[in-house]
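Below is one structure, written out as structure tokens; comments come after it.
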Amino acid sequence: MIQLNSTFDLRRDVISGILKKEETARAAADVSDPRILSVERDGGVLYCWRGATGTTRIGKYDPDSKHNKLLYTFDKQVCVSSCSLNKEETLLAVSITQKHRQEERLKPVSKCITLLIEIHPINNTKVLKAVDCRVRVQFLYPDSVQSSVLESHLLLITEDGYVDQFHIMLARHEGYRVVMLNPDRLAKDRVVEEFSWIQWDSHNQRLYYITSKEKHMLKCVQFHSQRNCETVFELPLDLSSNPFRSVSFVHLGFDHYHEDEGEDKGTSLVIFTDKTGSMCVCYSHPVSGKKEVRYTIAFVHKGCSKTFNVALDQEALSCSTHLQPLFFCTGYYVVVFLAGHFLHLLNTRQQDLLCYSFFLSGLEACLGGLGGARVVGTQDAASLLDLQSGRIYSASISPAHLLELLRAERPEAQRLAALQCMLVLHGAHPDLQHQVIDWIGDSALSFEAFDQIQEFILASLYRITHQQSLSLDMVLPYSSVFEKKELPVALTMIPGVKCTPDLLPQPLFKRKGRNAQGFWAELQSVCERVKHFETVQSPRFRTSHTHKEWNNMQTGPSSEKRRVSHQQHLEENTKKVLSMVDTWRLDRRIVPLFQEEDPQQKALIGLMVDKLREHLHRYLPQLGKKRIDALVVNYVAKLLELVHHMLEMLWHKYKLGPALCIKQKGSAEEWSVFHVMLRILEATKGLCLPLPPGYSSLLAVLGVKCVSHHSFLQFVDHGLLQLTEPFVSRIMKDLDNSSLNEALKFSILKRLPEAMLERVCHLLDHPVSSACISREYVRSRLQSRDKSTGFALDDHEHSSLWPDFLPLSYLTKVLSDLEEKANPFEEQENIDARFVEETALKQTLIQLGLEDK
């Protein structure tokens, strides 16, 4: 699962070089007991070895030039427990553990002595500290700043629980000699007091520590240029009482003489950070008995922690006595390894469910040939050091092993984790993406717990958008699993592993607002978003939210004016998306998509843009309108391009051409493509995702070629295939009028809506279609005459009374209208004749002026 690549080997990169340089038999005897001391920020490896003449030498290996440089030689054998070289390679700090023979034990000699040595050239040596406890040394590597003053800063970390920072002023003599100014009076500051655990982060120049005076409080000191340092972060941890049996140094070099004692540290703790604003605090719990191992991963950037209790294989215990897990990091996965028992890879971005992480046990739980207590992490989170062999390895997740997990008969949770890792961690590599698409095409059916195509689309989109804006991490979907009403049990548990989630207390950031910079500003922003999203409902966009709106659009809005306005708005959204898609690789396309009007898919494209934009405006208004519009349009465009890319890979794999002949029966290759396209349709329908315009027509063409006519019509009736106007036009034009094809054409025409039928019926060369055309022609001519004479032929109230022969219908309608105008009272009943006579007489008298008489 974990792929190890050797980046440094003492025998290969150091000893062999020394032997070649000396080229004497004496040289072979002059190189013994080589040991790695530390790795500096620039990647340089400091090491020491002993000579046959009783000397001890310290050298540096440069990984860029592949050259070795001798730094200093002691004229006697000494036990170097800690070593550091300043950035300019002019000063060397060395901590020496002094061991004495039996007769010297009564002499008052310090256990550890710390030296500061001028090495450019070798000149003066100063004793910084002589104490009876272990001491670690570490030079700061500040970012390059223009300064006229030569100055180095050295951290001196003691087992007594304090950290001092020495400020060493330097001067250049004779143009090349660099010496210390006032070496007897070096300025120093107390940085940390009373710590029980401490970790150095060389890449970011940070010092993490846990104080013994404040119960289990994790703090961080950030070092800046020009002597500045400050405490920037605090977080209380839920540790057991007295977790560290001795002071623990992490990433402060490798003390071979202390580690050989095999002392049980009680709790092993290490911190991993990422520039994107993620922080994980990983620690084991003291082992009680040998039935299980317990460890906790605190996801500070997610505001939660997970504690795992892993049952141990009792048979494997006979082969391994070391029960402290090893923590390291590769990509955005934290790896927990216990040799001979388990290998646990935890996804630090998607920690919601266990199915997004790997848990391997038995023979699969291995790190190549590494194992046991002699493997430790280095200052590079993805590097491991084998103290016994003197090799440094870079660790990464093997894509080949991920593909094996996908293709083998594995639990669906492992397959889901492998698919997510392939797509999000390695998805940017085209070859690996092609292999995933091949695997999807070769899979006959979807899994019970998840749909491979839905995962491919959402995980790939998540990877792309996460690179564009880190703030989208918590509002965009990354998996289709959360669309399910009930999560499958297989995705929520690991056999033999108990997981206990918990919320973390809110961390304290010393710098607020604009004062926070870089990583701390990003982490603070992430923590504030997590805290905010805990108070709102459904911050992560769910594609199923579009279903209701889409169904309402299908049935039609309440008013015509609102429908037209809404349709125009969606068309504008669609134009923006398609204008982006059309600019990508037009010259290399062989799949005939984006070449026709597809009103249904275009409406769905516009709707998804609308709903996603609305969601981002609600939860991330700080991004601004322009930024959100660009992100949303790009997201939907990438979605369409992903589907198109899948089809391109299938077309290349099965060697299909850009034009499919509808007259020929489908080949086995076309049947395979048809099957995958049906699965893509089903997957996107389940998530209410749009497809590229022309997809439905292309699928219908493959369907009519690959399945029988009866099955094809059943697919249409069940909504799996859609009768689009371009497809129907091809059927009418390209297929001859054989009995089978004629039956298919009439069956298709029967299923068309009236508006489309009127547009395509003229393409059918048949007497029935000719009669329809004639009838429509007469209707249009008579309707035009109606407008000039004032008659209306279209009377929906009595339309069922008129015969189908249009001229007769027209004549009947004209006579009926004339009759109605000539007899206005014909249809009236119960008229009072006496009242009419009296009224007429009254009106006559009025007209003759005889009313008064």
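Just so we're on the same page: first chain in the structure tokens is A, next is B, and so on; residues restart at 1 for each chain, and ligands are numbered from 1 in the order they show up.
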Item to check | Contact residues around region 713-728 of chain A with only C-alpha atoms at 10 Å, ignoring same-chain residues under 2 positions, as an NGL selection string | outcome: :A and (596-600 or 678 or 681-682 or 685 or 694-701 or 703-704 or 707-711 or 730-734 or 744-745 or 747-749 or 751-753 or 756-757 or 759-761 or 763)
Per residue of region 661-720 of chain A within 12 Å of region 524-545 of chain A, note the shortest atom pair and the distance in Å to one decimal, counting only C-alpha atoms, and order the rows by chain and increasing residue number, as JSON lines.
{"residue": "A:Ala683", "atom": "CA", "partner": "A:Thr543", "partner_atom": "CA", "distance": 11.8}
{"residue": "A:Thr684", "atom": "CA", "partner": "A:Thr543", "partner_atom": "CA", "distance": 9.8}
{"residue": "A:Lys685", "atom": "CA", "partner": "A:Ser544", "partner_atom": "CA", "distance": 9.7}
{"residue": "A:Gly686", "atom": "CA", "partner": "A:Ser544", "partner_atom": "CA", "distance": 7.9}
{"residue": "A:Leu687", "atom": "CA", "partner": "A:Thr543", "partner_atom": "CA", "distance": 5.5}
{"residue": "A:Cys688", "atom": "CA", "partner": "A:Thr543", "partner_atom": "CA", "distance": 6.3}
{"residue": "A:Leu689", "atom": "CA", "partner": "A:Thr543", "partner_atom": "CA", "distance": 7.2}
{"residue": "A:Pro690", "atom": "CA", "partner": "A:Thr543", "partner_atom": "CA", "distance": 10.6}
How would the residues just chosen look if you wrote them out with C-alpha atoms as a PDB file, in the first residue's frame?
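Heads up, here's the output in again.pdb:
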ATOM      1  CA  ALA A 683     -25.940   7.926 -12.464  1.00  0.00           C
ATOM      2  CA  THR A 684     -26.538  11.520 -13.543  1.00  0.00           C
ATOM      3  CA  LYS A 685     -30.316  11.144 -13.271  1.00  0.00           C
ATOM      4  CA  GLY A 686     -29.891   9.930  -9.701  1.00  0.00           C
ATOM      5  CA  LEU A 687     -28.004  13.121  -8.842  1.00  0.00           C
ATOM      6  CA  CYS A 688     -30.005  15.394 -11.178  1.00  0.00           C
ATOM      7  CA  LEU A 689     -26.814  16.361 -13.037  1.00  0.00           C
ATOM      8  CA  PRO A 690     -26.879  17.688 -16.600  1.00  0.00           C
TER       9      PRO A 690
END
Next on the checklist: Show me, as a list in words, the residues that have an atom within 10 Å of Trp439 (chain A) when counting only C-alpha atoms, minus same-chain residues fewer than 5 positions from it.
Outcome noted: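 Listing them by chain and then by number gives Leu403, Leu406, Arg407, Gln433, His434, Ala444 and Gln452 of chain A.
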Deliver the residues from the most recent selection as a file, using N, CA and C atoms, as an mmCIF file, in the first residue's frame.
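The new file part.cif reads:
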data_model
loop_
_atom_site.group_PDB
_atom_site.id
_atom_site.type_symbol
_atom_site.label_atom_id
_atom_site.label_comp_id
_atom_site.auth_asym_id
_atom_site.auth_seq_id
_atom_site.Cartn_x
_atom_site.Cartn_y
_atom_site.Cartn_z
ATOM 1 N N LEU A 403 -5.101 0.501 -7.705
ATOM 2 C CA LEU A 403 -5.787 -0.154 -8.818
ATOM 3 C C LEU A 403 -6.074 -1.619 -8.504
ATOM 4 N N LEU A 406 -9.110 -1.771 -6.426
ATOM 5 C CA LEU A 406 -10.324 -1.545 -7.203
ATOM 6 C C LEU A 406 -10.751 -2.803 -7.942
ATOM 7 N N ARG A 407 -9.797 -3.511 -8.521
ATOM 8 C CA ARG A 407 -10.122 -4.614 -9.411
ATOM 9 C C ARG A 407 -10.309 -5.942 -8.690
ATOM 10 N N GLN A 433 -6.093 8.470 -14.457
ATOM 11 C CA GLN A 433 -7.509 8.743 -14.709
ATOM 12 C C GLN A 433 -8.048 7.825 -15.799
ATOM 13 N N HIS A 434 -7.241 7.554 -16.827
ATOM 14 C CA HIS A 434 -7.665 6.646 -17.892
ATOM 15 C C HIS A 434 -7.880 5.239 -17.352
ATOM 16 N N ALA A 444 -19.397 -4.446 -14.687
ATOM 17 C CA ALA A 444 -20.712 -4.724 -15.284
ATOM 18 C C ALA A 444 -21.827 -3.945 -14.599
ATOM 19 N N GLN A 452 -20.082 3.849 -8.938
ATOM 20 C CA GLN A 452 -18.731 4.227 -9.346
ATOM 21 C C GLN A 452 -18.716 5.505 -10.171
#
Checklist entry - Using only C-alpha atoms, which of the listed residues (A:Glu194, A:Val270, A:Cys499, A:Asn347) sits closest to Val310 (chain A)? => result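 Closest to Val310 (chain A) of all the choices is A:Cys499.
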Item to check | Filtered DSSP result for region 541-735 of chain A, state alpha helix (DSSP H), as JSON, numbers by chain | outcome: {"A": [545, 546, 547, 548, 549, 550, 551, 552, 553, 554, 555, 560, 561, 562, 563, 564, 565, 566, 567, 568, 569, 570, 571, 572, 573, 574, 575, 576, 577, 578, 579, 580, 581, 599, 600, 601, 602, 603, 604, 605, 606, 607, 608, 609, 610, 611, 612, 613, 614, 615, 616, 617, 618, 619, 625, 626, 627, 628, 629, 630, 631, 632, 633, 634, 635, 636, 637, 638, 639, 640, 641, 642, 643, 644, 645, 646, 647, 648, 649, 650, 651, 652, 653, 654, 668, 669, 670, 671, 672, 673, 674, 675, 676, 677, 678, 679, 680, 681, 682, 683, 684, 685, 686, 687, 695, 696, 697, 698, 699, 700, 701, 702, 703, 704, 705, 706, 709, 710, 711, 712, 713, 714, 715, 716, 717, 725, 726, 727, 728, 729, 730, 731, 732, 733, 734]}
Which residues are close to Thr267 (chain A), i.e. within 9 Å by only C-alpha atoms, leaving aside same-chain residues fewer than 6 positions away? Reply as a tab-separated table (two decimals) with all heavy atoms, in the first residue's frame.
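Wrote it out as result02.tsv, contents follow:
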chain	number	residue	atom	x	y	z
A	239	LEU	N	-5.37	14.26	27.22
A	239	LEU	CA	-4.35	13.22	27.43
A	239	LEU	C	-4.56	12.57	28.80
A	239	LEU	O	-5.20	13.13	29.69
A	239	LEU	CB	-2.94	13.82	27.36
A	239	LEU	CG	-2.55	14.49	26.04
A	239	LEU	CD1	-1.18	15.15	26.17
A	239	LEU	CD2	-2.55	13.49	24.90
A	240	SER	N	-3.99	11.39	28.94
A	240	SER	CA	-4.06	10.70	30.22
A	240	SER	C	-3.16	11.41	31.23
A	240	SER	O	-2.30	12.22	30.87
A	240	SER	CB	-3.63	9.25	30.06
A	240	SER	OG	-2.30	9.18	29.57
A	243	PRO	N	1.24	11.55	30.87
A	243	PRO	CA	1.35	10.79	29.62
A	243	PRO	C	2.78	10.49	29.19
A	243	PRO	O	3.03	9.49	28.53
A	243	PRO	CB	0.65	11.70	28.60
A	243	PRO	CG	0.81	13.08	29.16
A	243	PRO	CD	0.79	12.93	30.64
A	244	PHE	N	3.73	11.36	29.56
A	244	PHE	CA	5.11	11.18	29.10
A	244	PHE	C	5.98	10.77	30.29
A	244	PHE	O	6.13	11.52	31.26
A	244	PHE	CB	5.64	12.47	28.49
A	244	PHE	CG	4.77	13.01	27.39
A	244	PHE	CD1	3.91	14.08	27.63
A	244	PHE	CD2	4.78	12.44	26.13
A	244	PHE	CE1	3.09	14.58	26.63
A	244	PHE	CE2	3.97	12.93	25.12
A	244	PHE	CZ	3.11	14.00	25.37
A	245	ARG	N	6.56	9.58	30.19
A	245	ARG	CA	7.38	9.07	31.29
A	245	ARG	C	8.75	9.71	31.33
A	245	ARG	O	9.45	9.63	32.34
A	245	ARG	CB	7.49	7.55	31.16
A	245	ARG	CG	6.14	6.86	31.27
A	245	ARG	CD	6.20	5.39	31.01
A	245	ARG	NE	4.85	4.81	30.99
A	245	ARG	CZ	4.59	3.56	30.68
A	245	ARG	NH1	5.57	2.74	30.36
A	245	ARG	NH2	3.33	3.13	30.69
A	283	TYR	N	-1.70	11.05	18.53
A	283	TYR	CA	-1.02	10.53	19.72
A	283	TYR	C	-1.60	9.18	20.11
A	283	TYR	O	-2.79	8.89	19.92
A	283	TYR	CB	-1.10	11.51	20.90
A	283	TYR	CG	-2.48	11.94	21.31
A	283	TYR	CD1	-3.18	11.28	22.32
A	283	TYR	CD2	-3.09	13.04	20.70
A	283	TYR	CE1	-4.44	11.68	22.71
A	283	TYR	CE2	-4.35	13.46	21.08
A	283	TYR	CZ	-5.02	12.78	22.09
A	283	TYR	OH	-6.28	13.19	22.48
A	284	SER	N	-0.72	8.35	20.65
A	284	SER	CA	-1.13	7.05	21.17
A	284	SER	C	-1.40	7.16	22.66
A	284	SER	O	-0.95	8.11	23.32
A	284	SER	CB	-0.03	6.01	20.92
A	284	SER	OG	1.15	6.38	21.61
A	285	HIS	N	-2.12	6.20	23.17
A	285	HIS	CA	-2.40	6.15	24.60
A	285	HIS	C	-1.53	5.07	25.23
A	285	HIS	O	-1.15	4.10	24.57
A	285	HIS	CB	-3.88	5.86	24.84
A	285	HIS	CG	-4.80	6.92	24.31
A	285	HIS	ND1	-5.31	7.92	25.09
A	285	HIS	CD2	-5.27	7.17	23.06
A	285	HIS	CE1	-6.08	8.72	24.38
A	285	HIS	NE2	-6.07	8.29	23.13
A	286	PRO	N	-1.20	5.23	26.52
A	286	PRO	CA	-0.38	4.20	27.17
A	286	PRO	C	-1.00	2.82	27.05
A	286	PRO	O	-2.23	2.66	27.15
A	286	PRO	CB	-0.34	4.67	28.63
A	286	PRO	CG	-0.59	6.15	28.57
A	286	PRO	CD	-1.52	6.36	27.42
A	287	VAL	N	-0.17	1.83	26.77
A	287	VAL	CA	-0.64	0.46	26.57
A	287	VAL	C	-0.92	-0.19	27.91
A	287	VAL	O	-0.08	-0.21	28.81
A	287	VAL	CB	0.41	-0.36	25.79
A	287	VAL	CG1	-0.07	-1.79	25.61
A	287	VAL	CG2	0.68	0.30	24.45
A	324	GLN	N	4.04	0.59	20.29
A	324	GLN	CA	3.83	2.01	20.05
A	324	GLN	C	3.70	2.24	18.55
A	324	GLN	O	4.62	1.97	17.80
A	324	GLN	CB	5.01	2.83	20.60
A	324	GLN	CG	5.02	2.99	22.11
A	324	GLN	CD	3.89	3.89	22.60
A	324	GLN	OE1	3.23	4.55	21.81
A	324	GLN	NE2	3.67	3.90	23.91
Next on the checklist: With only C-alpha atoms as the counted atoms, please give the residues lying no more than 12 Å from Thr90 (chain A), apart from itself and same-chain residues fewer than 3 positions off, as number ranges by chain.
Outcome noted: A: 71-72, 84-87, 93, 116-124, 139, 150-152, 168-172, 176-180
Create the file for the chosen residues now, containing N, CA and C atoms and written as a compact mmCIF listing (two decimals), in the first residue's frame.
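What ended up in out12.txt:
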# COMPACT_ATOMS: atom_id res chain seq x y z
N LEU A 71 32.78 18.45 7.69
CA LEU A 71 32.58 19.67 8.46
C LEU A 71 33.56 19.81 9.62
N TYR A 72 33.80 18.73 10.35
CA TYR A 72 34.65 18.85 11.53
C TYR A 72 35.15 17.45 11.92
N SER A 84 23.75 20.37 14.60
CA SER A 84 23.05 21.26 13.68
C SER A 84 24.05 22.21 13.04
N LEU A 85 23.77 22.56 11.78
CA LEU A 85 24.64 23.43 10.98
C LEU A 85 23.85 24.67 10.59
N ASN A 86 24.46 25.85 10.72
CA ASN A 86 23.72 27.05 10.36
C ASN A 86 23.58 27.17 8.85
N LYS A 87 22.71 28.08 8.41
CA LYS A 87 22.36 28.18 7.00
C LYS A 87 23.56 28.52 6.13
N ALA A 93 26.96 23.38 15.69
CA ALA A 93 26.62 23.13 17.10
C ALA A 93 26.55 21.63 17.32
N LEU A 116 29.94 24.98 20.44
CA LEU A 116 29.69 25.81 19.28
C LEU A 116 31.03 26.03 18.58
N ILE A 117 31.13 25.59 17.32
CA ILE A 117 32.42 25.51 16.64
C ILE A 117 32.40 26.36 15.37
N GLU A 118 33.46 27.17 15.20
CA GLU A 118 33.64 27.89 13.94
C GLU A 118 34.27 26.94 12.93
N ILE A 119 33.68 26.80 11.76
CA ILE A 119 34.18 25.83 10.78
C ILE A 119 34.48 26.47 9.43
N HIS A 120 34.49 27.79 9.35
CA HIS A 120 34.77 28.43 8.05
C HIS A 120 35.82 29.54 8.22
N PRO A 121 37.09 29.19 8.36
CA PRO A 121 37.62 27.82 8.51
C PRO A 121 37.54 27.37 9.97
N ILE A 122 37.98 26.16 10.23
CA ILE A 122 37.96 25.64 11.60
C ILE A 122 38.87 26.52 12.45
N ASN A 123 38.29 27.08 13.52
CA ASN A 123 39.06 28.04 14.31
C ASN A 123 38.74 27.90 15.79
N ASN A 124 37.70 28.55 16.22
CA ASN A 124 37.42 28.67 17.65
C ASN A 124 36.32 27.69 18.06
N PHE A 139 19.83 25.04 14.79
CA PHE A 139 19.93 26.38 14.22
C PHE A 139 18.62 26.75 13.53
N LEU A 150 25.92 40.00 9.97
CA LEU A 150 25.99 38.54 9.96
C LEU A 150 25.56 38.04 11.33
N GLU A 151 24.53 37.18 11.34
CA GLU A 151 23.99 36.73 12.61
C GLU A 151 23.36 35.35 12.44
N SER A 152 23.55 34.49 13.43
CA SER A 152 22.91 33.18 13.45
C SER A 152 22.18 33.02 14.77
N ILE A 168 23.98 34.83 17.89
CA ILE A 168 25.43 34.78 17.67
C ILE A 168 25.80 35.79 16.59
N MET A 169 26.49 36.83 16.98
CA MET A 169 26.95 37.84 16.04
C MET A 169 28.26 37.36 15.40
N LEU A 170 28.36 37.55 14.09
CA LEU A 170 29.52 37.06 13.34
C LEU A 170 30.21 38.22 12.63
N ALA A 171 31.47 38.00 12.30
CA ALA A 171 32.24 38.99 11.54
C ALA A 171 33.09 38.25 10.51
N ARG A 172 33.33 38.92 9.39
CA ARG A 172 34.13 38.33 8.32
C ARG A 172 35.52 38.96 8.34
N TYR A 176 37.31 35.98 3.96
CA TYR A 176 36.70 34.65 3.90
C TYR A 176 36.49 34.03 5.27
N ARG A 177 37.25 34.43 6.28
CA ARG A 177 37.13 33.83 7.61
C ARG A 177 35.94 34.44 8.34
N VAL A 178 35.05 33.55 8.85
CA VAL A 178 33.89 33.99 9.62
C VAL A 178 34.10 33.58 11.06
N VAL A 179 34.11 34.57 11.97
CA VAL A 179 34.37 34.30 13.39
C VAL A 179 33.27 34.90 14.23
N MET A 180 33.12 34.42 15.44
CA MET A 180 32.12 34.94 16.37
C MET A 180 32.63 36.21 17.04
Next on the checklist: List as a list in words the protein and nucleic acid residues near region 2-14 of chain A, meaning an atom at most 9 Å away when only C-alpha atoms are counted, but skip any in the same chain fewer than 6 places from it.
Outcome noted: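 The filter keeps Pro34, Arg35, Ile36, Val45, Tyr47, Tyr61, Pro63, Lys66, His67, Asn68, Cys366, Leu367, Gly368, Ser383, Leu384, Ser389, Gly390, Arg391, Ile392, Tyr393, Ser394, Ala395, Ser396, Ile397, Ser398, Pro399 and His401 of chain A.
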Item to check | Best match for closeness to Leu140 (chain A) among A:Leu207, A:Leu345, A:Ala187, A:Leu616, counting only C-alpha atoms | outcome: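 Of A:Leu207, A:Leu345, A:Ala187, A:Leu616, the one nearest Leu140 (chain A) is A:Leu207, counting only C-alpha atoms.
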Checklist entry - Closest to Lys129 (chain A) among A:Thr276, A:Ser225, A:Asn309, A:Thr97, using only C-alpha atoms? => result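 Of A:Thr276, A:Ser225, A:Asn309, A:Thr97, the one nearest Lys129 (chain A), counting only C-alpha atoms, is A:Thr97.
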